[in-house]
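S.K.: My file is model_37.txt. It has compact mmCIF, C-alpha atoms:
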```
# COMPACT_ATOMS: atom_id res chain seq x y z
CA MET A 1 0.00 0.00 0.00
CA LYS A 2 1.43 3.35 -1.00
CA THR A 3 0.34 6.52 0.78
CA VAL A 4 0.33 10.00 -0.78
CA ILE A 5 3.62 10.67 0.99
CA ASP A 6 5.25 7.49 -0.30
CA ARG A 7 4.59 8.54 -3.87
CA TYR A 8 6.65 11.73 -3.54
CA ILE A 9 9.55 10.89 -1.23
CA ARG A 10 12.95 9.33 -1.81
CA GLU A 11 12.26 6.36 0.38
CA GLU A 12 15.87 5.19 0.52
CA MET A 13 16.71 8.38 2.46
CA PHE A 14 14.36 7.50 5.32
CA PRO A 15 14.12 7.57 8.29
CA HIS A 16 15.13 11.23 8.02
CA ILE A 17 17.80 12.89 10.16
CA TRP A 18 15.53 15.33 11.97
CA CYS A 19 15.18 15.03 15.75
CA PRO A 20 12.15 13.34 17.32
CA GLY A 21 9.15 15.67 17.13
CA CYS A 22 10.78 18.13 14.71
CA GLY A 23 8.25 20.23 12.82
CA ASN A 24 10.15 19.98 9.55
CA GLY A 25 8.63 16.56 8.88
CA ILE A 26 5.12 17.90 9.50
CA VAL A 27 5.77 20.79 7.08
CA LEU A 28 7.17 18.39 4.49
CA GLY A 29 4.00 16.32 4.78
CA ALA A 30 1.86 19.44 4.34
CA ILE A 31 3.83 20.49 1.23
CA ILE A 32 3.51 17.04 -0.36
CA ARG A 33 -0.23 16.89 0.33
CA ALA A 34 -0.72 20.38 -1.15
CA ILE A 35 1.16 19.42 -4.33
CA ASP A 36 -0.73 16.14 -4.59
CA ASP A 37 -4.05 17.99 -4.29
CA LEU A 38 -3.01 20.32 -7.12
CA ASN A 39 -2.11 17.29 -9.23
CA TRP A 40 0.99 18.84 -10.73
CA ASP A 41 3.51 16.99 -12.87
CA ARG A 42 6.41 16.32 -10.52
CA ASP A 43 8.98 16.81 -13.28
CA LYS A 44 7.79 20.40 -13.63
CA ILE A 45 8.33 21.14 -9.93
CA VAL A 46 11.64 22.45 -8.64
CA ALA A 47 12.26 22.60 -4.91
CA VAL A 48 15.12 24.86 -3.87
CA SER A 49 16.54 25.23 -0.38
CA GLY A 50 19.44 26.91 1.38
CA ILE A 51 21.25 25.68 4.47
CA GLY A 52 19.85 24.54 7.78
CA CYS A 53 17.76 21.70 9.17
CA SER A 54 14.75 22.75 7.11
CA SER A 55 16.82 22.78 3.94
CA ARG A 56 17.27 19.03 4.18
CA ILE A 57 13.75 18.81 2.77
CA THR A 58 15.05 18.96 -0.79
CA GLY A 59 16.97 15.73 -0.19
CA TYR A 60 13.83 13.87 0.76
CA VAL A 61 11.39 14.80 -2.01
CA ASP A 62 11.41 13.33 -5.48
CA PHE A 63 10.98 16.52 -7.51
CA CYS A 64 13.75 18.35 -9.31
CA THR A 65 15.64 19.60 -6.28
CA MET A 66 18.51 21.87 -5.47
CA ASN A 67 20.27 22.43 -2.15
CA THR A 68 22.09 25.73 -2.45
CA VAL A 69 24.24 27.98 -0.28
CA HIS A 70 23.21 29.68 2.95
CA GLY A 71 20.55 32.35 2.46
CA ARG A 72 20.77 32.20 -1.32
CA ALA A 73 17.92 29.86 -2.15
CA LEU A 74 15.86 32.73 -3.57
CA PRO A 75 18.52 33.96 -6.03
CA PHE A 76 19.03 30.40 -7.33
CA ALA A 77 15.26 29.98 -7.62
CA THR A 78 15.01 33.31 -9.43
CA GLY A 79 17.57 32.06 -11.95
CA ILE A 80 15.67 28.82 -12.50
CA LYS A 81 12.40 30.66 -13.00
CA MET A 82 13.90 33.20 -15.38
CA ALA A 83 15.51 30.45 -17.46
CA ASN A 84 12.34 28.39 -17.71
CA SER A 85 9.17 30.10 -16.57
CA ASP A 86 7.10 26.92 -17.14
CA LEU A 87 8.61 25.36 -14.04
CA LYS A 88 6.86 25.63 -10.68
CA VAL A 89 9.53 26.73 -8.26
CA ILE A 90 9.13 26.21 -4.52
CA VAL A 91 11.67 27.66 -2.14
CA ILE A 92 11.91 26.13 1.31
CA MET A 93 13.82 28.07 3.93
CA GLY A 94 14.26 28.35 7.66
CA ASP A 95 13.83 31.61 9.56
CA GLY A 96 17.54 32.37 9.84
CA ASP A 97 18.27 31.29 6.28
CA CYS A 98 15.46 33.43 4.89
CA LEU A 99 15.58 36.57 6.98
CA ALA A 100 19.09 36.91 8.38
CA ILE A 101 21.53 35.56 5.82
CA GLY A 102 19.05 35.88 2.96
CA GLY A 103 17.08 38.86 4.21
CA ASN A 104 17.99 41.13 1.35
CA HIS A 105 17.15 38.49 -1.26
CA PHE A 106 13.79 37.98 0.40
CA ILE A 107 12.66 41.58 0.23
CA HIS A 108 13.88 41.97 -3.34
CA ALA A 109 12.18 38.79 -4.54
CA ALA A 110 8.98 40.20 -3.03
CA ARG A 111 9.60 43.61 -4.59
CA ARG A 112 10.05 42.08 -8.05
CA ASN A 113 7.06 39.84 -7.47
CA ILE A 114 8.69 36.94 -9.24
CA ASP A 115 6.47 33.85 -9.50
CA LEU A 116 7.98 31.73 -6.72
CA THR A 117 6.43 30.13 -3.66
CA ALA A 118 8.49 30.69 -0.53
CA ILE A 119 7.71 28.41 2.39
CA ILE A 120 9.45 29.56 5.53
CA ILE A 121 9.68 27.18 8.46
CA ASN A 122 9.87 29.45 11.48
CA ASN A 123 11.21 27.65 14.53
CA MET A 124 12.43 30.99 15.96
CA ILE A 125 16.02 29.83 16.41
CA TYR A 126 19.10 28.50 14.62
CA GLY A 127 18.53 24.84 15.45
CA MET A 128 21.33 23.14 13.52
CA THR A 129 24.18 25.26 14.83
CA GLY A 130 23.27 25.11 18.50
CA GLY A 131 20.44 27.47 19.35
CA GLN A 132 21.70 30.96 18.53
CA TYR A 133 18.89 33.55 18.40
CA SER A 134 17.59 34.44 14.95
CA PRO A 135 15.81 37.56 13.61
CA LEU A 136 12.54 35.79 14.41
CA THR A 137 13.31 34.87 18.03
CA PRO A 138 10.76 36.80 20.06
CA THR A 139 12.04 39.51 22.45
CA THR A 140 12.86 38.19 25.97
CA LYS A 141 13.14 34.57 24.80
CA PHE A 142 16.37 32.66 25.31
CA GLY A 143 19.00 31.32 22.94
CA SER A 144 22.56 30.07 23.41
CA THR A 145 23.73 33.57 22.38
CA ALA A 146 21.04 35.22 24.49
CA PRO A 147 21.47 33.58 27.91
CA TYR A 148 19.78 36.53 29.66
CA GLY A 149 16.98 36.83 27.13
CA ASN A 150 16.86 38.32 23.66
CA ILE A 151 16.71 42.12 23.54
CA ASP A 152 16.21 42.31 19.76
CA GLN A 153 12.86 43.15 18.27
CA SER A 154 11.86 40.27 15.97
CA PHE A 155 10.58 40.66 12.43
CA ASP A 156 6.96 40.05 11.61
CA LEU A 157 7.67 38.01 8.49
CA CYS A 158 4.18 38.40 7.03
CA GLU A 159 4.05 42.17 7.48
CA LEU A 160 7.53 42.42 5.98
CA ALA A 161 6.47 40.41 2.92
CA ILE A 162 3.34 42.53 2.46
CA ALA A 163 5.32 45.76 2.74
CA ALA A 164 7.94 44.51 0.28
CA GLY A 165 5.30 43.73 -2.36
CA ALA A 166 4.48 40.00 -2.27
CA SER A 167 1.29 38.79 -3.97
CA TYR A 168 0.23 36.21 -1.43
CA VAL A 169 1.03 36.13 2.27
CA ALA A 170 -0.21 33.65 4.87
CA ARG A 171 0.81 32.07 8.14
CA GLY A 172 0.05 28.56 9.40
CA THR A 173 1.32 26.28 12.13
CA ILE A 174 2.44 22.69 12.49
CA PHE A 175 -0.29 22.28 15.09
CA ASP A 176 -2.86 22.59 12.31
CA PRO A 177 -1.34 20.84 9.29
CA ARG A 178 -4.68 20.81 7.46
CA GLN A 179 -4.83 24.60 7.44
CA SER A 180 -1.16 24.78 6.45
CA THR A 181 -1.83 22.50 3.47
CA SER A 182 -4.73 24.63 2.28
CA LEU A 183 -2.70 27.85 2.64
CA MET A 184 0.18 26.27 0.70
CA LYS A 185 -2.20 25.16 -2.03
CA LYS A 186 -3.42 28.73 -2.52
CA ALA A 187 0.15 30.04 -2.44
CA LEU A 188 1.38 27.50 -4.99
CA ASP A 189 -1.50 28.30 -7.29
CA LYS A 190 -0.94 32.05 -7.05
CA LYS A 191 0.94 33.86 -9.80
CA GLY A 192 3.58 36.12 -8.29
CA PHE A 193 5.68 35.93 -5.14
CA SER A 194 3.82 33.93 -2.49
CA VAL A 195 4.94 33.58 1.08
CA VAL A 196 3.73 31.03 3.60
CA GLU A 197 5.24 31.13 7.07
CA ILE A 198 4.76 28.00 9.13
CA ILE A 199 5.33 28.32 12.85
CA SER A 200 7.27 25.24 13.82
CA ASP A 201 9.02 23.74 16.82
CA CYS A 202 12.59 22.96 17.73
CA PRO A 203 12.37 20.94 20.92
CA VAL A 204 16.13 20.42 21.02
CA SER A 205 17.27 24.04 20.80
CA TYR A 206 14.37 26.45 21.35
CA GLY A 207 12.56 24.08 23.68
CA LYS A 208 15.63 23.37 25.79
CA MET A 209 16.60 27.06 26.13
CA ASN A 210 13.06 28.20 26.88
CA LYS A 211 12.08 25.33 29.15
CA ILE A 212 9.49 23.79 26.86
CA LYS A 213 10.78 20.31 27.30
CA SER A 214 9.08 17.94 24.87
CA PRO A 215 7.74 18.03 21.31
CA ILE A 216 4.25 17.59 22.78
CA ASP A 217 4.68 20.66 25.01
CA MET A 218 6.02 22.60 22.04
CA LEU A 219 2.93 21.82 19.98
CA LYS A 220 0.71 22.88 22.89
CA TRP A 221 2.77 26.07 23.18
CA ILE A 222 2.29 26.78 19.46
CA LYS A 223 -1.43 26.33 19.93
CA ASP A 224 -1.34 28.82 22.84
CA ILE A 225 0.64 31.55 21.06
CA THR A 226 -1.44 31.55 17.86
CA VAL A 227 -4.90 32.95 17.25
CA SER A 228 -6.96 33.25 14.10
CA LYS A 229 -6.59 36.47 12.13
CA LYS A 230 -10.08 37.56 13.13
CA ALA A 231 -9.53 36.99 16.86
CA TRP A 232 -6.16 38.73 16.64
CA GLU A 233 -7.73 41.94 15.41
CA GLY A 234 -9.79 42.15 18.59
CA LEU A 235 -6.77 41.87 20.91
CA SER A 236 -5.24 44.79 22.83
CA PRO A 237 -1.76 46.00 21.71
CA ASP A 238 -0.18 44.31 24.74
CA GLU A 239 -1.87 41.00 24.01
CA LYS A 240 -0.83 41.23 20.36
CA LYS A 241 2.84 41.24 21.37
CA GLU A 242 2.49 37.73 22.78
CA LYS A 243 0.48 36.20 19.96
CA TYR A 244 0.79 35.35 16.29
CA ALA A 245 -2.14 35.78 13.94
CA ILE A 246 -2.66 32.84 11.59
CA GLY A 247 -4.52 32.69 8.32
CA GLU A 248 -4.36 34.41 4.98
CA PHE A 249 -3.27 38.07 5.10
CA LEU A 250 -2.99 39.08 1.48
CA SER A 251 -3.93 37.78 -1.94
CA LYS A 252 -3.66 40.31 -4.72
CA ASP A 253 -2.91 40.31 -8.42
CA ARG A 254 0.09 42.19 -9.68
CA PRO A 255 2.10 41.55 -12.89
CA ASP A 256 4.73 38.96 -12.20
CA TYR A 257 8.36 39.49 -13.11
CA THR A 258 8.68 36.67 -15.67
CA GLU A 259 5.66 38.00 -17.59
CA LEU A 260 7.14 41.49 -17.71
CA TYR A 261 10.49 40.09 -18.79
CA GLU A 262 8.92 38.13 -21.64
CA GLU A 263 7.22 41.33 -22.82
CA ILE A 264 10.59 43.05 -22.89
CA ILE A 265 12.09 40.22 -24.95
CA LYS A 266 9.19 40.46 -27.39
CA LYS A 267 9.56 44.21 -27.66
CA ALA A 268 13.30 43.96 -28.31
CA GLN A 269 12.76 41.29 -30.97
CA GLU A 270 10.09 43.36 -32.74
CA THR A 271 12.28 46.41 -32.95
CA GLY A 272 15.38 44.40 -33.81
CA GLY A 273 17.23 45.85 -30.86
CA ASN A 274 16.63 49.46 -31.85
CA LYS A 275 15.11 51.44 -29.00
CA MET B 1 19.68 -5.22 13.35
CA LYS B 2 16.08 -4.86 12.17
CA GLN B 3 13.37 -4.43 14.77
CA LYS B 4 10.65 -6.99 15.34
CA LYS B 5 8.15 -6.05 12.64
CA LEU B 6 8.75 -3.10 10.33
CA LEU B 7 5.15 -2.40 9.42
CA GLU B 8 2.55 -3.18 12.03
CA VAL B 9 -0.96 -3.26 10.65
CA HIS B 10 -3.97 -3.12 12.96
CA GLN B 11 -7.39 -3.44 11.44
CA ASN B 12 -11.04 -3.72 12.38
CA ASN B 13 -14.00 -3.66 10.03
CA SER B 14 -13.90 0.08 9.39
CA VAL B 15 -10.33 1.30 9.76
CA LYS B 16 -6.78 0.19 9.16
CA ILE B 17 -3.93 1.81 11.14
CA SER B 18 -0.39 1.05 10.03
CA VAL B 19 2.69 1.93 12.07
CA ARG B 20 6.08 1.93 10.40
CA ARG B 21 8.19 1.15 13.46
CA GLU B 22 11.53 1.66 11.77
CA TRP B 23 10.70 5.30 10.97
CA CYS B 24 8.99 6.18 14.27
CA LYS B 25 11.16 8.22 16.65
CA SER B 26 8.86 7.95 19.68
CA CYS B 27 8.05 11.67 19.91
CA GLY B 28 4.58 10.84 21.24
CA ILE B 29 2.70 13.52 19.26
CA CYS B 30 0.24 11.02 17.73
CA ILE B 31 -0.56 9.51 21.13
CA GLU B 32 -1.00 12.84 22.95
CA PHE B 33 -3.19 14.57 20.37
CA CYS B 34 -5.47 11.68 19.38
CA PRO B 35 -8.95 13.01 20.18
CA LYS B 36 -10.27 9.53 20.98
CA ASP B 37 -7.24 8.09 22.82
CA VAL B 38 -6.93 5.29 20.30
CA LEU B 39 -3.17 5.05 20.61
CA VAL B 40 -1.16 3.87 23.60
CA PRO B 41 2.64 3.81 23.92
CA ASP B 42 4.53 0.52 23.93
CA ASP B 43 7.81 -0.12 25.78
CA GLN B 44 9.69 1.99 23.20
CA LEU B 45 7.03 4.74 23.41
CA LYS B 46 5.91 3.95 19.87
CA PRO B 47 2.15 3.95 19.25
CA ILE B 48 -0.04 0.87 19.36
CA PRO B 49 -3.67 1.42 18.30
CA GLU B 50 -5.09 -0.52 21.22
CA ASN B 51 -8.50 1.18 21.19
CA ILE B 52 -8.87 0.95 17.42
CA ASP B 53 -12.66 0.65 17.69
CA ALA B 54 -12.82 4.23 19.00
CA CYS B 55 -11.02 5.61 15.92
CA ILE B 56 -13.04 8.20 13.99
CA LYS B 57 -10.56 8.33 11.07
CA CYS B 58 -9.83 12.03 11.58
CA GLY B 59 -6.28 11.36 10.38
CA LEU B 60 -4.70 13.87 12.76
CA CYS B 61 -2.04 11.37 13.86
CA GLU B 62 -1.03 10.85 10.24
CA LEU B 63 -0.98 14.59 9.44
CA ARG B 64 0.99 15.50 12.57
CA CYS B 65 3.49 12.64 12.43
CA PRO B 66 6.87 14.24 11.62
CA ASP B 67 8.25 10.89 10.50
CA PHE B 68 5.47 9.59 8.20
CA ALA B 69 5.36 6.56 10.46
CA ILE B 70 1.60 6.20 10.98
CA THR B 71 -1.21 5.97 8.44
CA VAL B 72 -4.96 5.70 8.82
CA GLU B 73 -7.23 4.41 6.07
CA GLY B 74 -10.82 3.37 5.79
CA VAL B 75 -10.97 -0.34 4.93
CA GLU B 76 -13.57 0.15 2.20
CA GLU B 77 -10.88 1.92 0.16
CA LYS B 78 -9.11 -0.39 -2.24
CA ASP B 79 -5.35 -0.70 -2.04
CA GLU B 80 -3.39 0.56 -5.00
```
Reformat the file's structure so that it appears as structure tokens.
M.R.:
Amino acid sequence: MKTVIDRYIREEMFPHIWCPGCGNGIVLGAIIRAIDDLNWDRDKIVAVSGIGCSSRITGYVDFCTMNTVHGRALPFATGIKMANSDLKVIVIMGDGDCLAIGGNHFIHAARRNIDLTAIIINNMIYGMTGGQYSPLTPTTKFGSTAPYGNIDQSFDLCELAIAAGASYVARGTIFDPRQSTSLMKKALDKKGFSVVEIISDCPVSYGKMNKIKSPIDMLKWIKDITVSKKAWEGLSPDEKKEKYAIGEFLSKDRPDYTELYEEIIKKAQETGGNK
Amino acid sequence: MKQKKLLEVHQNNSVKISVRREWCKSCGICIEFCPKDVLVPDDQLKPIPENIDACIKCGLCELRCPDFAITVEGVEEKDE
């Protein structure tokens, strides 16, 4: 008997290397189910990742895959999309990979509105390298480089993506994989730069530093810190600091970069290169 | 080397729950969040669907399993 998951994974690579209870596996499942629902040809799908625990995903799925350098998944994906705009390009990144090392690439991919789907697994810490705080670690929380609590203000990834010009922005959690799958489906189907942030757990680094001991407690914690977008709007400013809104924040139509580029090529060909 | 049985299949007349023991890392998420307490941990803290008759086929264990180690299917579905 083959499950949906079995049809898309490189089975010889399993069991995967992620720690017990790691959210990356749940996100991978959600991505596979979203793609299966859309019924896309797997040879037309390219999954690109950078460096980090989450970036191991590209080793486990049987699409065209590429594991690139730290923070640079989006530039590689941009190149792939520009070279062959028929391909469906999915970029899978962690929070540090996307917004610290690759922060500039992220805002510019959103500004250009290039037709990529960015899935960001936000575990609020650098898990692989030993629990250093990331740009998405909430203020006052602990990391190995913030033993007295983090004094940085964290990014709101979704607001950042909206401000930078993305076409689709949503946030889900690993606690509710069904919602995450449906958000990913909409993002994948959307023309233009789509961003889905998935709030995930890292029991080994974030959990240990912040005294949330087990994967089960981490999932309960994720449930506690998230509220639906509608409920979030009714919260006081102080309450909002502690919570994450989940749901779809933006879905708009704007010309995508590859379309505009093809128009330019056409124009240049028509005029024979004369402006 | 290999553990006792790689794929454990438990079935009643409405549902089939399969546990891939080799892939399970005993995180306990499926057991804790099962709304009907179908699953109980064994000596290695891996799930055994002891109360399989209570299963409502919500599939939450399968969706939340980070290791793709548990699957739930209705038995009326034909195998591929």
S.K.: Please find the residues of chain A near chain B - the criterion being any atom within 8 Å, counting all atoms listed in the file - and write them as a VMD selection string.
M.R.: chain A and resid 1 to 3 5 14 to 16 19 to 26 29 to 30 174 to 175 177 to 178 215 to 216
S.K.: I'd like the neighbourhood of Phe63 (chain A) as an NGL selection string, where a residue qualifies if any of its atoms comes within 9 Å (using all atoms listed in the file), though same-chain residues fewer than 6 positions away should be ignored.
M.R.: :A and (8-9 or 42-47)
S.K.: When you draw a straight line from CA of Arg7 (chain A) to CA of Asp36 (chain A), how long is it in Å?
M.R.: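 Answer for the CA of Arg7 (chain A) to CA of Asp36 (chain A) separation: 9.3 Å.
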S.K.: So that I can check the surroundings of Val69 (chain A), please list as a PDB file with C-alpha atoms, in the coordinates of the input every protein, DNA and RNA residue that reaches within 7 Å of it, counting all atoms listed in the file and ignoring chain neighbours fewer than 2 positions away.
M.R.:
```
ATOM      1  CA  GLY A  50      19.440  26.910   1.380  1.00  0.00           C
ATOM      2  CA  ILE A  51      21.250  25.680   4.470  1.00  0.00           C
ATOM      3  CA  GLY A  71      20.550  32.350   2.460  1.00  0.00           C
ATOM      4  CA  ARG A  72      20.770  32.200  -1.320  1.00  0.00           C
ATOM      5  CA  ALA A  73      17.920  29.860  -2.150  1.00  0.00           C
TER       6      ALA A  73
END
```
S.K.: Could you check how far CA of Asp37 (chain B) sits from CA of Pro203 (chain A), in Å to one decimal?
M.R.: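 Computed distance, CA of Asp37 (chain B) to CA of Pro203 (chain A), equals 23.5 Å.
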